[in-house]
Amino acid sequence: MKFVVALAIVLAVVLAGLIWLALYDKRADAAEWRRLAALQPEDPRRFSDSMVADLPEPARRYFGYTIAPGTPLLPVVQIDMTGRFSLGTKDDPRYQPMQARQILAVPEGFVWSMRTLGGLPLSGSDTGRWTRFRMLWLIPVARMGGTSDHERSAFGRYVAEAAFWSPAALLPGPGITWAPVDGDTARVTVSHEALTQSVDITVDTEGRPVQVAFQRWSNANPQKVHRLQPFGGYLSDFRKVGGYRLAHRVEAGNMFGTDDYFPFFMADISAIRFPGSHDAP
């Protein structure tokens, strides 16, 4: 009997600890979300072609397609999405339906809050500061962050995603430069504090950014060693959101452009919003 009571006490303590940890993570997500949302300019500049007149031609085409003249420049964006997320490997992808919401504020950070919709429930968040996921809403299965490797890898992700959903964040200015690659591709380089990331954006004849590719600092390899390796994806289903035209379907993964390409992330966007954009068209 004493053993049963002791076991019950231990289980209660463990459960209470897991609940406290989940609540702590939820508050941290909310605080980071608020921090990033507050970075939206209150009196944004408006886009004009003169802002990109000196850029390589593919970059001018990109901005000409994604931002209409006169549009308020709102670099902070919120995205709601559904889709599929792999919990496995290229040979055994084990795709799960997922639902997620994200805030993106390049170069400062992002929060991606996700939950699977099938099988054993998986939920959690990925940010520039941490990766935290749990099963059954309580049991931690991934808890990483606070290292230079994580920060560098995350920076690559959210700089690339600005090409998807936040072209205003990639306009030339302090810490942002552009260079030509070929007739349809331009390279944007974003530097922030100690971090630098270059991303190649390939556009079609109209300027749609149909492909994004870069070298990402990642340990998604058999050796589990952080190193630069190809990452990227394809964009499609472009729709107007205020004065922007943004991708509403994204496929992305590791080893992009090689035979080992593994698209572990496939998203359909259900809504895009700009926090604080009361005067957006």
# chains A, B, ... in the order shown; residues from 1 in each chain; ligands from 1
$ residues_around --residues "segment 77-94 of chain A" --least-positions-apart "2" --cutoff "6 Å" --atoms "only C-alpha atoms" --output "VMD selection string"
chain A and resid 96 to 104 262 264 to 274
$ select_by_dssp --residues "segment 34-266 of chain A" --states "helix (DSSP H, G or I)" --output "PyMOL selection string"
chain A and resi 34-37+49-52+57-66+148-165+167-170
$ write_last_selection --atoms "N, CA, C and O atoms" --output "compact mmCIF listing (two decimals), in the first residue's frame"
# COMPACT_ATOMS: atom_id res chain seq x y z
N ARG A 34 4.76 38.58 -29.01
CA ARG A 34 4.48 40.00 -28.76
C ARG A 34 5.70 40.87 -29.07
O ARG A 34 5.57 41.97 -29.63
N ARG A 35 6.88 40.38 -28.73
CA ARG A 35 8.10 41.15 -29.00
C ARG A 35 8.27 41.40 -30.49
O ARG A 35 8.57 42.52 -30.92
N LEU A 36 8.05 40.36 -31.27
CA LEU A 36 8.23 40.49 -32.72
C LEU A 36 7.13 41.34 -33.35
O LEU A 36 7.39 42.16 -34.23
N ALA A 37 5.89 41.17 -32.89
CA ALA A 37 4.78 41.96 -33.44
C ALA A 37 5.01 43.45 -33.20
O ALA A 37 4.64 44.30 -34.04
N ASP A 49 9.25 52.04 -57.09
CA ASP A 49 10.25 51.35 -57.92
C ASP A 49 11.65 51.92 -57.73
O ASP A 49 12.65 51.22 -57.94
N SER A 50 11.75 53.18 -57.33
CA SER A 50 13.06 53.80 -57.15
C SER A 50 13.86 53.12 -56.05
O SER A 50 15.09 53.18 -56.04
N MET A 51 13.18 52.47 -55.11
CA MET A 51 13.87 51.79 -54.01
C MET A 51 14.71 50.62 -54.49
O MET A 51 15.64 50.20 -53.80
N VAL A 52 14.36 50.06 -55.64
CA VAL A 52 15.05 48.86 -56.13
C VAL A 52 15.69 49.10 -57.49
O VAL A 52 16.13 48.16 -58.15
N GLU A 57 18.57 42.77 -62.16
CA GLU A 57 17.27 42.70 -62.83
C GLU A 57 16.33 41.66 -62.23
O GLU A 57 15.14 41.95 -62.04
N PRO A 58 16.79 40.44 -61.88
CA PRO A 58 15.85 39.49 -61.26
C PRO A 58 15.29 39.99 -59.94
O PRO A 58 14.13 39.71 -59.60
N ALA A 59 16.09 40.74 -59.19
CA ALA A 59 15.60 41.31 -57.93
C ALA A 59 14.56 42.38 -58.18
O ALA A 59 13.54 42.47 -57.48
N ARG A 60 14.78 43.22 -59.20
CA ARG A 60 13.78 44.22 -59.55
C ARG A 60 12.48 43.56 -59.98
O ARG A 60 11.38 44.00 -59.61
N ARG A 61 12.61 42.46 -60.72
CA ARG A 61 11.43 41.71 -61.15
C ARG A 61 10.69 41.14 -59.93
O ARG A 61 9.46 41.16 -59.87
N TYR A 62 11.45 40.62 -58.97
CA TYR A 62 10.87 40.05 -57.75
C TYR A 62 10.06 41.10 -56.99
O TYR A 62 8.89 40.86 -56.63
N PHE A 63 10.66 42.24 -56.73
CA PHE A 63 9.94 43.27 -55.97
C PHE A 63 8.78 43.86 -56.79
O PHE A 63 7.73 44.18 -56.23
N GLY A 64 8.97 43.97 -58.11
CA GLY A 64 7.89 44.48 -58.94
C GLY A 64 6.66 43.60 -58.93
O GLY A 64 5.53 44.09 -59.05
N TYR A 65 6.89 42.30 -58.75
CA TYR A 65 5.75 41.36 -58.68
C TYR A 65 5.16 41.31 -57.28
O TYR A 65 3.94 41.29 -57.12
N THR A 66 6.00 41.28 -56.25
CA THR A 66 5.50 41.00 -54.91
C THR A 66 4.97 42.22 -54.17
O THR A 66 4.18 42.07 -53.23
N SER A 148 24.98 28.60 -30.42
CA SER A 148 25.28 29.32 -31.66
C SER A 148 24.85 28.50 -32.87
O SER A 148 24.45 29.07 -33.90
N ASP A 149 24.95 27.17 -32.79
CA ASP A 149 24.51 26.33 -33.90
C ASP A 149 23.01 26.49 -34.16
O ASP A 149 22.58 26.63 -35.31
N HIS A 150 22.23 26.46 -33.10
CA HIS A 150 20.78 26.62 -33.26
C HIS A 150 20.45 28.00 -33.82
O HIS A 150 19.63 28.14 -34.73
N GLU A 151 21.08 29.01 -33.28
CA GLU A 151 20.81 30.38 -33.71
C GLU A 151 21.15 30.56 -35.20
O GLU A 151 20.37 31.17 -35.95
N ARG A 152 22.27 30.00 -35.62
CA ARG A 152 22.69 30.14 -37.02
C ARG A 152 21.76 29.38 -37.95
O ARG A 152 21.39 29.88 -39.02
N SER A 153 21.35 28.18 -37.56
CA SER A 153 20.43 27.39 -38.38
C SER A 153 19.08 28.07 -38.49
O SER A 153 18.50 28.16 -39.58
N ALA A 154 18.56 28.57 -37.37
CA ALA A 154 17.26 29.24 -37.38
C ALA A 154 17.31 30.51 -38.22
O ALA A 154 16.35 30.82 -38.95
N PHE A 155 18.40 31.25 -38.15
CA PHE A 155 18.54 32.48 -38.92
C PHE A 155 18.42 32.19 -40.41
O PHE A 155 17.74 32.92 -41.15
N GLY A 156 19.05 31.11 -40.86
CA GLY A 156 18.92 30.73 -42.26
C GLY A 156 17.49 30.48 -42.65
O GLY A 156 17.03 30.90 -43.72
N ARG A 157 16.76 29.79 -41.78
CA ARG A 157 15.36 29.49 -42.09
C ARG A 157 14.54 30.76 -42.24
O ARG A 157 13.83 30.94 -43.24
N TYR A 158 14.61 31.66 -41.27
CA TYR A 158 13.66 32.76 -41.35
C TYR A 158 14.08 33.85 -42.33
O TYR A 158 13.22 34.57 -42.85
N VAL A 159 15.35 33.94 -42.66
CA VAL A 159 15.74 34.83 -43.75
C VAL A 159 15.17 34.31 -45.07
O VAL A 159 14.62 35.07 -45.88
N ALA A 160 15.27 33.00 -45.30
CA ALA A 160 14.72 32.42 -46.53
C ALA A 160 13.20 32.61 -46.59
O ALA A 160 12.64 32.88 -47.66
N GLU A 161 12.54 32.46 -45.45
CA GLU A 161 11.08 32.57 -45.46
C GLU A 161 10.61 34.00 -45.71
O GLU A 161 9.47 34.22 -46.12
N ALA A 162 11.48 34.98 -45.47
CA ALA A 162 11.12 36.35 -45.85
C ALA A 162 10.87 36.45 -47.34
O ALA A 162 10.01 37.21 -47.79
N ALA A 163 11.61 35.67 -48.14
CA ALA A 163 11.38 35.66 -49.59
C ALA A 163 10.00 35.13 -49.92
O ALA A 163 9.41 35.50 -50.94
N PHE A 164 9.46 34.24 -49.08
CA PHE A 164 8.12 33.70 -49.28
C PHE A 164 7.06 34.76 -48.96
O PHE A 164 6.13 34.98 -49.74
N TRP A 165 7.18 35.34 -47.75
CA TRP A 165 6.05 36.04 -47.14
C TRP A 165 6.33 37.46 -46.67
O TRP A 165 5.41 38.14 -46.25
N PRO A 167 8.51 40.24 -48.38
CA PRO A 167 9.47 40.93 -49.26
C PRO A 167 9.89 42.30 -48.74
O PRO A 167 11.01 42.74 -49.01
N ALA A 168 9.03 42.96 -47.96
CA ALA A 168 9.39 44.27 -47.43
C ALA A 168 10.62 44.19 -46.55
O ALA A 168 11.38 45.17 -46.42
N ALA A 169 10.85 43.04 -45.91
CA ALA A 169 12.01 42.86 -45.03
C ALA A 169 13.31 42.71 -45.80
O ALA A 169 14.39 42.77 -45.20
N LEU A 170 13.22 42.51 -47.12
CA LEU A 170 14.42 42.26 -47.93
C LEU A 170 14.80 43.42 -48.83
O LEU A 170 15.71 43.29 -49.66
$ atom_distance --atom1 "atom CA of Val212 of chain A" --atom2 "atom CA of Phe231 of chain A"
8.5 Å
$ closest_residue --among "A:Glu193, A:His226, A:Ala179, A:Pro140" --to "Leu55 of chain A" --atoms "only C-alpha atoms"
A:Ala179
$ select_by_dssp --residues "segment 199-261 of chain A" --states "strand (DSSP E)" --output "PyMOL selection string"
chain A and resi 199-203+209-218+227-241+244-254
$ closest_residue --among "A:Tyr95, A:Arg115, A:Pro56, A:Pro72" --to "Ile201 of chain A" --atoms "only C-alpha atoms"
A:Pro56
